[in-house]
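*Asks:* One structure, as structure tokens, below. Some questions next.
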Amino acid sequence: MEKVIPTFYAEYGRYISRFRMIPSDIDCLIPVERRVLVIMDRFGSNHPVKSFKIDGCVTGELHPHGSAYGTITQLVRNGFASADEGSWGGIGLIDAPAAASRYTETRILPWVSKFAFEFIKFVPWEMLELDSEPLYLPSVLPLGLIGDGINSGIAFHKTVIPKYSKEDLAKRLEWLLINGKPNPPKKWDSNLSEDKYGPCIRPCKKDCELKEDEKNAFYKLLITGEGNIEYQPHVLLKNINTNKKNKSSIQVVSIEGRAPNSNFDSLRKAYEKNQLPLSSSPIDQSKKMDVKVYLELKRGTNSKEFIKNLSDKFLNKVTHFKCYMSDLRGTVHQTPIDDLLLNCYSHWKKAYLNKLKNDVLKLNDKIIEYYICSFIRDQIKNKVNNLDEILKSWKKDTSINIFNVDDENKIQKIKYVIKEENIINIYNNTSVKRLVEYKSTLNESLNKIKNLQNELDNLDEICINRVREIYA
């Protein structure tokens, strides 16, 4: 037992890390998020689909671990999918649960489909648990790093990952591609220059100010994958009209943000224990993704001092980020944000290259079709309409030039011997119109080969320009 149990426990840990809780070190998504997006993309972004239908397809085809509806609602809140506001009820409220999946409808947002699924056919697919699925989504930037707030999960490791804006991630990635990944400084308490360490991008939380809880915490996250960040929710002093006729108003403190993994229960409890100088209970008027809690102060309360004490005691929170990610084998390791950017980009670029190579193969099929159509057309002109007679007229071992992409991404001509099966397939499946238009088909194919070679020759520049387009 002493030998067997640790082995099984380790296997179980790798399974949980790879298939359940720890994000991938390529697209930074956990499997259920990726699976939901794959099914959503299959339904398209033009029309909303019943959430119950999406959930059923996910759990029935890809995810054998129960309902994925919680992930669907989270993707809506994180800006990867949209929902029909009339059907979703409380989906946008941070604390309120979403309406049941039988009532709600959603769809993937167009930018996500274009961003992450353009080359989805050209990445590895495997039958991991049920049906075949992609091992990662090929996007320029890690999809799981984009958004507002944090991403967290617990297996044998607890991972806490920041989210950033697309624009900031693209700027950081462009700098890394041009200058290379910087080495960690010898002393983190010294002043680090952007010339040497690149753009110092900050995690994104729209309703909070972010402060470094330690020197160079933003750079630490980028270079080591670990750092302490303090979230300071926005707090404003406002006047609210209480009587439209008399135009009377009261002064309230408006809390318009929330630190990650925090709530306002502590404020309510503090009020009930008379620990806060409030004239009434905190009023939560949250709408959609916005957080707005109003606190009416008792007369004579020093508002500035109250706001400072309230923020320090109840609102401001320090989050300790530690980015644990899982590779394709299920091995978990701490990963810097810079490594995630470069790893995702390299896999996306490889998928792009696979797509170009596949385009060459498709054009080869058209070129083979051209030569066979040309031969069949000539035979028809000579009043040879029978397939057997056409095959007899064909010179065996006839070869033509087609194309192949070598290891240096150069398109080379290679010899291809046309087989009888090729002629039979073309004869049975080609229309008269295709036979008439075969000349333009060949010219188009040869021109596309030239364009593909130009793309292959300038692949690095094209890929970097794709990164620049994100923040242009």
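We label chains A, B, ... in the order they appear in the structure tokens, count residues from 1 in each chain, and number ligands from 1 in the order shown.
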Quick one: contact table of segment 142-188 of chain A to segment 246-268 of chain A, 12 Å max, nearest atom pair and distance in Å to one decimal per residue, counting only C-alpha atoms, chain and number order, as a tab-separated table?

*Replies:*
```
residue	atom	partner	partner_atom	distance
A:Asp148	CA	A:Pro260	CA	9.8
A:Gly149	CA	A:Pro260	CA	6.3
A:Ile150	CA	A:Pro260	CA	6.8
A:Asn151	CA	A:Pro260	CA	9.5
A:Ser152	CA	A:Asn261	CA	9.9
A:Val160	CA	A:Pro260	CA	10.7
A:Ile161	CA	A:Pro260	CA	11.3
A:Pro162	CA	A:Pro260	CA	10.2
A:Lys163	CA	A:Pro260	CA	11.3
```

*Asks:* Report the residues of segment 108-174 of chain A whose backbone DSSP state falls under strand (DSSP E), written as a PyMOL selection string.

*Replies:* chain A and resi 108+125-127+132-134+150-154+158-162

*Asks:* Please produce an output containing C-alpha atoms for each residue in the selection, written as a compact mmCIF listing (two decimals), in the first residue's frame.

*Replies:*
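Written output follows (out14.txt):
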```txt
# COMPACT_ATOMS: atom_id res chain seq x y z
CA ILE A 108 -19.98 33.41 -28.50
CA TRP A 125 -6.98 17.13 -31.57
CA GLU A 126 -7.32 14.14 -29.25
CA MET A 127 -10.04 12.08 -27.58
CA SER A 132 -12.12 14.50 -30.06
CA GLU A 133 -11.25 18.03 -28.93
CA PRO A 134 -8.42 20.55 -29.49
CA ILE A 150 -8.37 37.17 -11.67
CA ASN A 151 -8.48 33.48 -12.53
CA SER A 152 -7.96 30.89 -9.80
CA GLY A 153 -8.04 27.13 -9.30
CA ILE A 154 -6.98 24.53 -6.74
CA LYS A 158 -3.34 26.76 -5.82
CA THR A 159 -3.03 28.96 -8.87
CA VAL A 160 -3.99 32.64 -8.87
CA ILE A 161 -3.54 34.33 -12.25
CA PRO A 162 -4.10 38.00 -13.16
```

*Asks:* Provide the atom CA of Leu361 of chain A to atom CA of Ile424 of chain A distance in Å, to one decimal place.

*Replies:* 20.1 Å

*Asks:* So, with only C-alpha atoms as the atoms that count, which of A:Gly56, A:Pro282, A:Pro23, A:Pro48 lies closest to Val36 of chain A?

*Replies:*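 That would be A:Gly56, the residue with the smallest distance to Val36 of chain A.
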
*Asks:* Show me, as a list in words, the residues that have an atom within 7 Å of Glu212 of chain A when counting only C-alpha atoms, minus same-chain residues fewer than 6 positions from it.

*Replies:*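 These residues fall inside the cut-off: Phe218, Asn228, Ile229 and Glu230 of chain A.
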
*Asks:* Please identify all polymer residues within 10 Å of segment 383-399 of chain A, counting only C-alpha atoms, omitting same-chain residues fewer than 3 positions from it, and present them as a PDB file with N, CA and C atoms, in the first residue's frame.

*Replies:*
```
ATOM      1  N   ILE A 368      -3.794  18.996 -60.136  1.00  0.00           N
ATOM      2  CA  ILE A 368      -4.004  17.635 -60.664  1.00  0.00           C
ATOM      3  C   ILE A 368      -5.329  17.581 -61.426  1.00  0.00           C
ATOM      4  N   ILE A 372      -6.067  16.593 -65.567  1.00  0.00           N
ATOM      5  CA  ILE A 372      -6.997  15.514 -65.919  1.00  0.00           C
ATOM      6  C   ILE A 372      -8.183  16.078 -66.698  1.00  0.00           C
ATOM      7  N   PHE A 375      -7.143  16.685 -70.239  1.00  0.00           N
ATOM      8  CA  PHE A 375      -7.074  15.444 -71.006  1.00  0.00           C
ATOM      9  C   PHE A 375      -8.476  14.947 -71.378  1.00  0.00           C
ATOM     10  N   ILE A 376      -9.400  14.938 -70.405  1.00  0.00           N
ATOM     11  CA  ILE A 376     -10.770  14.460 -70.669  1.00  0.00           C
ATOM     12  C   ILE A 376     -11.448  15.334 -71.718  1.00  0.00           C
ATOM     13  N   ARG A 377     -11.231  16.635 -71.609  1.00  0.00           N
ATOM     14  CA  ARG A 377     -11.855  17.554 -72.576  1.00  0.00           C
ATOM     15  C   ARG A 377     -11.353  17.271 -73.982  1.00  0.00           C
ATOM     16  N   ASP A 378     -10.049  17.039 -74.120  1.00  0.00           N
ATOM     17  CA  ASP A 378      -9.502  16.730 -75.444  1.00  0.00           C
ATOM     18  C   ASP A 378     -10.080  15.428 -75.989  1.00  0.00           C
ATOM     19  N   GLN A 379     -10.285  14.461 -75.108  1.00  0.00           N
ATOM     20  CA  GLN A 379     -10.847  13.182 -75.540  1.00  0.00           C
ATOM     21  C   GLN A 379     -12.299  13.345 -75.981  1.00  0.00           C
ATOM     22  N   ILE A 380     -13.046  14.179 -75.262  1.00  0.00           N
ATOM     23  CA  ILE A 380     -14.437  14.419 -75.642  1.00  0.00           C
ATOM     24  C   ILE A 380     -14.517  15.104 -76.997  1.00  0.00           C
ATOM     25  N   ILE A 402       3.771  19.250 -59.094  1.00  0.00           N
ATOM     26  CA  ILE A 402       2.984  19.833 -58.015  1.00  0.00           C
ATOM     27  C   ILE A 402       3.954  20.435 -57.008  1.00  0.00           C
ATOM     28  N   ILE A 414       7.682  19.209 -57.120  1.00  0.00           N
ATOM     29  CA  ILE A 414       7.968  17.777 -57.043  1.00  0.00           C
ATOM     30  C   ILE A 414       7.161  17.068 -58.123  1.00  0.00           C
ATOM     31  N   LYS A 415       7.620  15.904 -58.536  1.00  0.00           N
ATOM     32  CA  LYS A 415       6.950  15.117 -59.563  1.00  0.00           C
ATOM     33  C   LYS A 415       5.826  14.283 -58.936  1.00  0.00           C
ATOM     34  N   TYR A 416       4.696  14.260 -59.636  1.00  0.00           N
ATOM     35  CA  TYR A 416       3.571  13.448 -59.174  1.00  0.00           C
ATOM     36  C   TYR A 416       3.043  12.630 -60.341  1.00  0.00           C
ATOM     37  N   VAL A 417       2.948  11.328 -60.158  1.00  0.00           N
ATOM     38  CA  VAL A 417       2.438  10.438 -61.193  1.00  0.00           C
ATOM     39  C   VAL A 417       0.924  10.316 -61.025  1.00  0.00           C
ATOM     40  N   ILE A 418       0.191  10.712 -62.077  1.00  0.00           N
ATOM     41  CA  ILE A 418      -1.270  10.654 -62.022  1.00  0.00           C
ATOM     42  C   ILE A 418      -1.739   9.203 -62.127  1.00  0.00           C
ATOM     43  N   LYS A 419      -2.651   8.844 -61.246  1.00  0.00           N
ATOM     44  CA  LYS A 419      -3.137   7.467 -61.192  1.00  0.00           C
ATOM     45  C   LYS A 419      -4.505   7.348 -61.848  1.00  0.00           C
ATOM     46  N   GLU A 420      -4.888   6.123 -62.172  1.00  0.00           N
ATOM     47  CA  GLU A 420      -6.191   5.890 -62.789  1.00  0.00           C
ATOM     48  C   GLU A 420      -7.325   6.310 -61.860  1.00  0.00           C
ATOM     49  N   ILE A 423      -8.252   9.871 -62.362  1.00  0.00           N
ATOM     50  CA  ILE A 423      -9.047  10.116 -63.577  1.00  0.00           C
ATOM     51  C   ILE A 423     -10.492   9.697 -63.362  1.00  0.00           C
ATOM     52  N   ILE A 424     -10.694   8.541 -62.729  1.00  0.00           N
ATOM     53  CA  ILE A 424     -12.048   8.042 -62.496  1.00  0.00           C
ATOM     54  C   ILE A 424     -12.832   9.009 -61.605  1.00  0.00           C
ATOM     55  N   TYR A 427     -13.635  12.212 -63.584  1.00  0.00           N
ATOM     56  CA  TYR A 427     -14.627  11.939 -64.617  1.00  0.00           C
ATOM     57  C   TYR A 427     -16.030  11.833 -64.021  1.00  0.00           C
ATOM     58  N   ASN A 428     -16.145  11.190 -62.858  1.00  0.00           N
ATOM     59  CA  ASN A 428     -17.459  10.967 -62.254  1.00  0.00           C
ATOM     60  C   ASN A 428     -17.997  12.189 -61.511  1.00  0.00           C
TER      61      ASN A 428
END
```

*Asks:* Grab the atom CA of Phe117 of chain A to atom CA of Gln412 of chain A distance for me, in Å with one decimal place.

*Replies:* 29.3 Å
